[in-house]
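Enquirer: If it helps, the file is called upload_13.cif and holds mmCIF, C-alpha atoms:
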data_protein
#
loop_
_atom_site.label_atom_id
_atom_site.label_comp_id
_atom_site.auth_asym_id
_atom_site.auth_seq_id
_atom_site.Cartn_x
_atom_site.Cartn_y
_atom_site.Cartn_z
CA ILE A 654 0.00 0.00 0.00
CA ASN A 655 1.62 3.22 -1.05
CA ALA A 656 1.73 6.40 1.02
CA GLU A 657 -0.55 8.30 -1.37
CA TYR A 658 -3.26 5.68 -0.99
CA MET A 659 -2.90 5.70 2.82
CA GLY A 660 -3.18 9.48 2.84
CA PHE A 661 -6.34 9.24 0.75
CA GLN A 662 -7.82 6.67 3.11
CA PHE A 663 -6.96 8.81 6.12
CA GLY A 664 -8.55 11.82 4.45
CA ARG A 665 -11.75 9.87 3.85
CA ARG A 666 -11.82 8.73 7.45
CA SER A 667 -11.27 12.26 8.79
CA MET A 668 -14.42 13.41 6.99
CA THR A 669 -16.53 10.86 8.90
CA MET A 670 -14.88 10.98 12.33
CA SER A 671 -16.96 11.62 15.41
CA ARG A 672 -16.39 14.75 17.47
CA GLU A 673 -14.71 12.62 20.14
CA ASP A 674 -12.33 11.07 17.60
CA THR A 675 -11.54 14.45 16.03
CA LEU A 676 -10.75 15.89 19.46
CA TYR A 677 -8.48 12.95 20.23
CA TYR A 678 -6.62 13.40 16.95
CA ALA A 679 -6.15 17.08 17.84
CA LYS A 680 -4.60 16.05 21.15
CA LEU A 681 -2.34 13.56 19.39
CA ALA A 682 -1.24 16.25 16.97
CA GLU A 683 -0.48 18.58 19.88
CA GLN A 684 1.69 15.97 21.60
CA ALA A 685 3.47 15.30 18.30
CA GLU A 686 3.90 19.06 17.83
CA ARG A 687 2.18 18.86 14.43
CA TYR A 688 0.26 22.08 14.83
CA GLU A 689 -0.92 22.34 11.23
CA ASP A 690 -2.72 19.03 11.73
CA MET A 691 -4.06 20.25 15.06
CA VAL A 692 -5.45 23.37 13.38
CA LYS A 693 -7.36 21.25 10.85
CA TYR A 694 -8.96 19.08 13.53
CA MET A 695 -9.88 21.99 15.78
CA LYS A 696 -11.22 23.96 12.83
CA ASP A 697 -13.62 21.08 12.12
CA ILE A 698 -14.83 21.16 15.71
CA ALA A 699 -15.06 24.96 15.88
CA THR A 700 -17.20 25.15 12.74
CA SER A 701 -19.52 22.26 13.67
CA GLY A 702 -22.27 24.56 14.96
CA VAL A 703 -21.99 23.23 18.53
CA GLU A 704 -20.70 25.47 21.31
CA LEU A 705 -17.18 24.55 22.38
CA THR A 706 -16.37 23.15 25.79
CA ASN A 707 -13.62 24.84 27.81
CA GLU A 708 -11.21 22.07 26.77
CA GLU A 709 -12.05 22.47 23.09
CA ARG A 710 -11.78 26.24 23.36
CA ASN A 711 -8.32 25.97 24.87
CA LEU A 712 -7.15 23.44 22.29
CA LEU A 713 -8.32 25.72 19.48
CA SER A 714 -6.28 28.52 21.02
CA VAL A 715 -3.18 26.31 21.37
CA ALA A 716 -3.45 25.13 17.76
CA TYR A 717 -3.57 28.58 16.20
CA LYS A 718 -1.15 30.07 18.70
CA ASN A 719 1.57 27.66 17.65
CA SER A 720 0.73 27.72 13.95
CA VAL A 721 0.71 31.50 13.72
CA GLY A 722 3.46 31.87 16.31
CA ALA A 723 5.96 30.00 14.14
CA ARG A 724 5.17 32.33 11.24
CA ARG A 725 5.43 35.45 13.43
CA THR A 726 8.88 34.28 14.54
CA ALA A 727 9.87 33.72 10.90
CA TRP A 728 8.61 37.18 9.94
CA ARG A 729 10.63 38.81 12.71
CA ALA A 730 13.74 36.92 11.63
CA ALA A 731 13.24 37.96 8.00
CA SER A 732 12.71 41.57 9.09
CA ALA A 733 15.92 41.54 11.12
CA ILE A 734 17.86 40.11 8.16
CA GLU A 735 16.31 42.72 5.87
CA THR A 736 17.44 45.55 8.15
CA LYS A 737 20.93 44.11 8.49
CA GLU A 738 21.43 43.45 4.79
CA GLU A 739 19.94 46.79 3.76
CA SER A 740 22.64 48.58 5.74
CA LYS A 741 25.23 46.68 3.68
CA ALA A 742 23.48 47.31 0.36
CA SER A 743 23.21 43.56 -0.16
CA LYS A 744 22.56 42.27 -3.66
CA PHE A 745 20.03 39.86 -2.15
CA MET A 746 17.62 42.55 -0.95
CA GLU A 747 14.95 41.65 -3.51
CA THR A 748 15.14 37.99 -2.50
CA ILE A 749 14.84 38.87 1.18
CA LYS A 750 11.88 41.16 0.57
CA GLU A 751 10.11 38.48 -1.49
CA TYR A 752 10.60 35.89 1.23
CA LYS A 753 9.46 38.28 3.94
CA ALA A 754 6.33 39.05 1.88
CA LYS A 755 5.66 35.31 1.53
CA VAL A 756 5.81 34.82 5.30
CA GLU A 757 3.71 37.93 5.85
CA GLY A 758 1.05 36.49 3.55
CA GLU A 759 1.00 33.28 5.58
CA VAL A 760 0.56 35.23 8.82
CA GLU A 761 -2.34 37.17 7.31
CA ALA A 762 -4.00 34.04 5.88
CA SER A 763 -3.85 32.14 9.18
CA CYS A 764 -5.02 35.13 11.20
CA ASN A 765 -7.89 35.85 8.82
CA GLU A 766 -8.94 32.21 8.99
CA ILE A 767 -9.30 32.13 12.79
CA ILE A 768 -10.87 35.61 12.86
CA GLY A 769 -13.46 34.36 10.37
CA ILE A 770 -14.20 31.33 12.55
CA LEU A 771 -14.56 33.56 15.61
CA ASP A 772 -16.87 36.02 13.86
CA LYS A 773 -19.08 33.44 12.16
CA HIS A 774 -19.17 30.49 14.53
CA LEU A 775 -17.89 31.24 18.01
CA ILE A 776 -18.62 34.79 19.16
CA PRO A 777 -22.32 34.64 18.13
CA LYS A 778 -22.77 31.31 19.95
CA ALA A 779 -20.88 32.18 23.15
CA GLY A 780 -23.15 31.01 25.96
CA ASN A 781 -21.55 32.85 28.87
CA ALA A 782 -19.34 35.81 29.70
CA ASP A 783 -16.23 33.63 30.03
CA SER A 784 -16.52 32.37 26.48
CA GLU A 785 -17.48 35.72 24.97
CA VAL A 786 -14.52 37.51 26.57
CA PHE A 787 -12.21 34.64 25.58
CA TYR A 788 -13.27 34.81 21.91
CA LEU A 789 -13.26 38.62 21.68
CA LYS A 790 -9.80 38.70 23.23
CA MET A 791 -8.69 36.03 20.77
CA LYS A 792 -9.99 38.13 17.89
CA GLY A 793 -8.11 41.16 19.19
CA ASP A 794 -4.94 39.09 19.50
CA TYR A 795 -4.99 37.84 15.91
CA CYS A 796 -5.78 41.29 14.56
CA ARG A 797 -2.80 42.51 16.59
CA TYR A 798 -0.56 39.85 15.08
CA MET A 799 -1.47 41.04 11.61
CA ALA A 800 -0.92 44.66 12.62
CA GLU A 801 2.64 43.74 13.61
CA CYS A 802 3.41 42.75 10.03
CA VAL A 803 1.60 45.26 7.84
CA THR A 804 2.03 49.00 7.29
CA GLY A 805 0.11 52.02 6.03
CA ASP A 806 -3.68 51.94 5.63
CA LYS A 807 -3.71 48.18 6.08
CA ASN A 808 -2.09 48.54 9.49
CA LYS A 809 -4.53 51.28 10.50
CA LYS A 810 -7.60 49.25 9.53
CA ILE A 811 -6.53 46.04 11.24
CA ALA A 812 -5.42 47.95 14.35
CA GLU A 813 -8.91 49.48 14.54
CA LYS A 814 -10.44 46.01 14.36
CA ALA A 815 -8.15 44.83 17.15
CA HIS A 816 -9.01 47.85 19.28
CA GLU A 817 -12.74 47.27 18.77
CA ALA A 818 -12.49 43.60 19.76
CA TYR A 819 -10.39 44.32 22.84
CA LYS A 820 -12.72 47.14 23.90
CA LYS A 821 -15.80 44.92 23.64
CA ALA A 822 -14.01 42.17 25.54
CA LYS A 823 -13.07 44.59 28.32
CA GLU A 824 -16.70 45.75 28.65
CA LYS A 825 -17.88 42.15 28.94
CA ALA A 826 -15.04 41.26 31.32
CA ASP A 827 -16.34 43.68 33.95
CA SER A 828 -18.81 40.95 34.94
CA LEU A 829 -15.95 38.55 35.75
CA ALA A 830 -14.01 38.47 39.01
CA THR A 831 -10.99 40.78 39.09
CA THR A 832 -8.81 37.69 39.58
CA HIS A 833 -10.37 35.68 36.74
CA PRO A 834 -7.53 34.45 34.49
CA ILE A 835 -9.43 35.39 31.32
CA ARG A 836 -10.00 38.95 32.58
CA LEU A 837 -6.36 39.29 33.64
CA GLY A 838 -5.13 37.78 30.36
CA LEU A 839 -7.22 40.28 28.44
CA ALA A 840 -5.75 43.18 30.40
CA LEU A 841 -2.25 41.84 29.74
CA ASN A 842 -2.68 41.54 25.97
CA TYR A 843 -4.76 44.70 25.57
CA SER A 844 -2.07 46.72 27.36
CA VAL A 845 0.58 45.25 25.04
CA PHE A 846 -1.59 46.30 22.10
CA TYR A 847 -1.59 49.87 23.42
CA TYR A 848 2.17 49.81 23.91
CA GLU A 849 3.33 48.08 20.72
CA ILE A 850 0.69 48.85 18.11
CA LEU A 851 -0.80 52.19 19.17
CA ASN A 852 2.48 53.49 20.66
CA SER A 853 0.61 54.65 23.75
CA PRO A 854 2.76 53.70 26.77
CA GLU A 855 0.73 55.85 29.14
CA GLN A 856 -2.50 54.02 28.32
CA ALA A 857 -0.71 50.67 28.39
CA CYS A 858 0.61 51.32 31.89
CA LYS A 859 -2.75 52.63 33.08
CA LEU A 860 -4.60 49.54 31.89
CA ALA A 861 -2.03 47.10 33.25
CA LYS A 862 -1.80 48.86 36.63
CA GLU A 863 -5.59 49.01 37.06
CA ALA A 864 -5.88 45.28 36.40
CA PHE A 865 -2.96 44.46 38.69
CA ASP A 866 -4.18 46.65 41.58
CA ALA A 867 -7.75 45.32 41.33
CA GLY A 868 -6.57 41.72 41.22
CA ILE A 869 -4.01 41.89 44.02
CA ALA A 870 -6.66 42.98 46.49
CA ASP A 871 -8.69 39.80 45.87
CA LEU A 872 -5.89 37.32 45.25
CA GLU A 873 -5.52 35.82 48.72
CA GLY A 874 -9.00 34.31 48.89
CA LEU A 875 -8.55 32.04 45.85
CA GLU A 876 -8.23 28.27 45.74
CA ASP A 877 -4.70 27.01 45.07
CA GLU A 878 -5.16 26.16 41.36
CA GLN A 879 -6.81 29.43 40.41
CA TYR A 880 -4.37 31.32 42.63
CA LYS A 881 -1.50 29.92 40.59
CA ASP A 882 -3.07 30.85 37.23
CA SER A 883 -4.02 34.35 38.34
CA ALA A 884 -0.72 35.03 40.10
CA THR A 885 1.23 33.99 36.99
CA ILE A 886 -0.61 36.49 34.79
CA MET A 887 -0.32 39.20 37.41
CA GLN A 888 3.43 38.66 37.50
CA LEU A 889 3.51 39.21 33.74
CA LEU A 890 1.53 42.43 34.19
CA ARG A 891 4.00 43.60 36.80
CA ASP A 892 7.00 42.63 34.64
CA ASN A 893 5.63 44.68 31.74
CA LEU A 894 4.93 47.64 34.01
CA THR A 895 8.52 47.48 35.27
CA LEU A 896 9.86 47.32 31.70
CA TRP A 897 7.65 50.12 30.43
CA THR A 898 8.39 52.37 33.39
CA ALA A 899 12.11 51.86 32.81
CA ASP A 900 11.68 52.68 29.12
CA ALA A 901 9.79 55.86 29.99
CA GLY A 902 12.63 56.87 32.29
CA GLU A 903 15.24 56.77 29.55
CA GLU A 904 16.31 60.35 28.97
CA ASP A 905 16.80 60.01 25.22
CA GLY A 906 13.86 57.67 24.69
CA ALA A 907 16.05 55.12 22.94
CA ALA A 908 14.90 52.18 25.03
CA LYS A 909 11.31 52.32 23.86
CA GLY A 910 12.16 52.75 20.23
CA ASP A 911 15.16 50.48 19.89
CA SER A 912 14.86 47.84 22.60
CA GLN A 913 14.52 44.29 21.33
CA ALA A 914 13.11 43.03 24.65
CA PRO A 915 9.74 41.38 23.96
CA GLN A 916 6.59 42.51 25.70
CA LEU A 917 5.00 39.68 27.66
CA THR A 918 1.59 38.43 26.55
CA LEU A 919 -0.76 35.58 27.31
CA TYR A 920 -1.67 33.95 24.00
#
Let me see the structure of the file written as structure tokens.
Expert:
Amino acid sequence: INAEYMGFQFGRRSMTMSREDTLYYAKLAEQAERYEDMVKYMKDIATSGVELTNEERNLLSVAYKNSVGARRTAWRAASAIETKEESKASKFMETIKEYKAKVEGEVEASCNEIIGILDKHLIPKAGNADSEVFYLKMKGDYCRYMAECVTGDKNKKIAEKAHEAYKKAKEKADSLATTHPIRLGLALNYSVFYYEILNSPEQACKLAKEAFDAGIADLEGLEDEQYKDSATIMQLLRDNLTLWTADAGEEDGAAKGDSQAPQLTLY
């Protein structure tokens, strides 16, 4: 039996798999670190018309996070090479730009795919505040990822979409506990959006500090497992605040503009 035939048979089987089987394949793909496969399985589940469980929701997030994350890393590497080679007037500049554009297109395609799933299948069917905030935050995140790569009017339009999604998520998140990991994760990523995409460090610090101060007051009463999740995100909020405050204190402003230190987010 040749490999092509086996692939065909597997493809036929995947079209008739139960939800339970599809979910198990997604978990197998995650363990094997085959995230493109994981995306396919979780996409089938996410577009099935049935509201996702918390486990399915998290697996969908993991699948796209890793798939898009690899491409974001590649785009950053290509951008760094482009900058370096441009300063040397490299004869390979056209090649570098073409490759960077190819990766950029992949980032956009993957982000648009998950945003479409969120808009059409998941956000409208969110049955509780947890899910709605989770999906709106996710939409904001993937719009933000695209905004990292594109420039000009395209950047402005996608940044506006990200801002709108984050803003709606924040409004809905007010009904969640101040220590809820989804609410804290939203504050973390939304503040990074303000800092990196909108170049508004003051608003980024304000948002992060408000979330941190509100959460710290209620942290001690949590059960051990939730305490750990919430405390981890709050530490990331505090780390970013420390970094951003240090950047703001630089007399010549070079740290904010030139620093290669990544801002911490919860994907």
Enquirer: Which residue, A:Tyr880, A:Phe745, A:Trp897, A:Phe865, has the smallest gap to Val845 (chain A) when you use only C-alpha atoms?
Expert: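 Using only C-alpha atoms, Val845 (chain A) sits closest to A:Trp897.
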Enquirer: Taking all atoms listed in the file into account, which of A:Met791, A:Ala818, A:Leu837, A:Ala733 comes nearest Met887 (chain A)?
Expert: A:Leu837
Enquirer: Spell out the residues picked by the PyMOL selection byres ((chain A and resi 672) around 10) here, as a ChimeraX atom specification.
Expert: /A:669-671,673-678,694-695,697-698,701
Enquirer: Write out as an NGL selection string which residues come within 12 Å of Glu873 (chain A) when counting only C-alpha atoms, dropping same-chain ones fewer than 6 positions away.
Expert: :A and (832 or 879-881 or 883-884)
Enquirer: Apply the PyMOL selection byres ((chain A and resi 848) around 12) to the displayed file and report the matching residues as a PDB file with C-alpha atoms, in the coordinates of the input.
Expert:
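The result, stored in part18.pdb:
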ATOM      1  CA  ARG A 797      -2.800  42.510  16.590  1.00  0.00           C
ATOM      2  CA  GLU A 801       2.640  43.740  13.610  1.00  0.00           C
ATOM      3  CA  LEU A 841      -2.250  41.840  29.740  1.00  0.00           C
ATOM      4  CA  ASN A 842      -2.680  41.540  25.970  1.00  0.00           C
ATOM      5  CA  TYR A 843      -4.760  44.700  25.570  1.00  0.00           C
ATOM      6  CA  SER A 844      -2.070  46.720  27.360  1.00  0.00           C
ATOM      7  CA  VAL A 845       0.580  45.250  25.040  1.00  0.00           C
ATOM      8  CA  PHE A 846      -1.590  46.300  22.100  1.00  0.00           C
ATOM      9  CA  TYR A 847      -1.590  49.870  23.420  1.00  0.00           C
ATOM     10  CA  GLU A 849       3.330  48.080  20.720  1.00  0.00           C
ATOM     11  CA  ILE A 850       0.690  48.850  18.110  1.00  0.00           C
ATOM     12  CA  LEU A 851      -0.800  52.190  19.170  1.00  0.00           C
ATOM     13  CA  ASN A 852       2.480  53.490  20.660  1.00  0.00           C
ATOM     14  CA  SER A 853       0.610  54.650  23.750  1.00  0.00           C
ATOM     15  CA  PRO A 854       2.760  53.700  26.770  1.00  0.00           C
ATOM     16  CA  GLU A 855       0.730  55.850  29.140  1.00  0.00           C
ATOM     17  CA  GLN A 856      -2.500  54.020  28.320  1.00  0.00           C
ATOM     18  CA  ALA A 857      -0.710  50.670  28.390  1.00  0.00           C
ATOM     19  CA  CYS A 858       0.610  51.320  31.890  1.00  0.00           C
ATOM     20  CA  LYS A 859      -2.750  52.630  33.080  1.00  0.00           C
ATOM     21  CA  LEU A 860      -4.600  49.540  31.890  1.00  0.00           C
ATOM     22  CA  ALA A 861      -2.030  47.100  33.250  1.00  0.00           C
ATOM     23  CA  ASN A 893       5.630  44.680  31.740  1.00  0.00           C
ATOM     24  CA  LEU A 894       4.930  47.640  34.010  1.00  0.00           C
ATOM     25  CA  LEU A 896       9.860  47.320  31.700  1.00  0.00           C
ATOM     26  CA  TRP A 897       7.650  50.120  30.430  1.00  0.00           C
ATOM     27  CA  THR A 898       8.390  52.370  33.390  1.00  0.00           C
ATOM     28  CA  ASP A 900      11.680  52.680  29.120  1.00  0.00           C
ATOM     29  CA  ALA A 901       9.790  55.860  29.990  1.00  0.00           C
ATOM     30  CA  LYS A 909      11.310  52.320  23.860  1.00  0.00           C
ATOM     31  CA  GLY A 910      12.160  52.750  20.230  1.00  0.00           C
ATOM     32  CA  PRO A 915       9.740  41.380  23.960  1.00  0.00           C
ATOM     33  CA  GLN A 916       6.590  42.510  25.700  1.00  0.00           C
ATOM     34  CA  LEU A 917       5.000  39.680  27.660  1.00  0.00           C
ATOM     35  CA  THR A 918       1.590  38.430  26.550  1.00  0.00           C
TER      36      THR A 918
END
Enquirer: If you measure from CA of Ala730 (chain A) to CA of Ala685 (chain A), what distance in Å do you get, rounded to one decimal?
Expert: 24.8 Å
Enquirer: Determine the nearest neighbour of Val756 (chain A) from the options A:Arg729, A:Lys693, A:Arg724, A:Lys737, counting all atoms listed in the file.
Expert: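 The shortest atom-to-atom distance to Val756 (chain A) comes from A:Arg724.
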Enquirer: List the residues matched by the PyMOL selection byres ((chain A and resi 784) around 10) in the displayed structure as a PyMOL selection string, ordered by chain and then by residue number.
Expert: chain A and resi 704-707+710+775-776+778-783+785-790+835
Enquirer: Which residues are close to Asn765 (chain A), i.e. within 9 Å by only C-alpha atoms, leaving aside same-chain residues fewer than 3 positions away? Reply as JSON, numbers by chain.
Expert: {"A": [760, 761, 762, 768, 769, 770, 795, 796, 799]}
Enquirer: Kindly give the distance, in Å, that separates CA of Val715 (chain A) and CA of Asp772 (chain A), rounded to a single decimal.
Expert: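 Between CA of Val715 (chain A) and CA of Asp772 (chain A) the gap works out to 18.4 Å.
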Enquirer: May I ask which of the residues A:Ile869, A:Ala679, A:Ala864, A:Met691 is the closest one to Asn719 (chain A), counting only C-alpha atoms?
Expert: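 Of the candidates, the smallest distance to Asn719 (chain A) is held by A:Met691.
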Enquirer: Please indicate the distance in Å from CA of Lys792 (chain A) to CA of Thr831 (chain A), rounded to one decimal place.
Expert: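 A separation of 21.4 Å between them.
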Enquirer: Show which residues sit within 9 Å of Ile811 (chain A), as an MDAnalysis selection string. Count all atoms listed in the file, and ignore same-chain residues fewer than 3 positions away.
Expert: chainID A and resid 796:797 799:800 803 806:808 814:816
Enquirer: Hey, which of A:Leu839, A:Leu872, A:Leu681, A:Ala727 ends up closest to Lys755 (chain A)? Count all atoms listed in the file.
Expert: A:Ala727
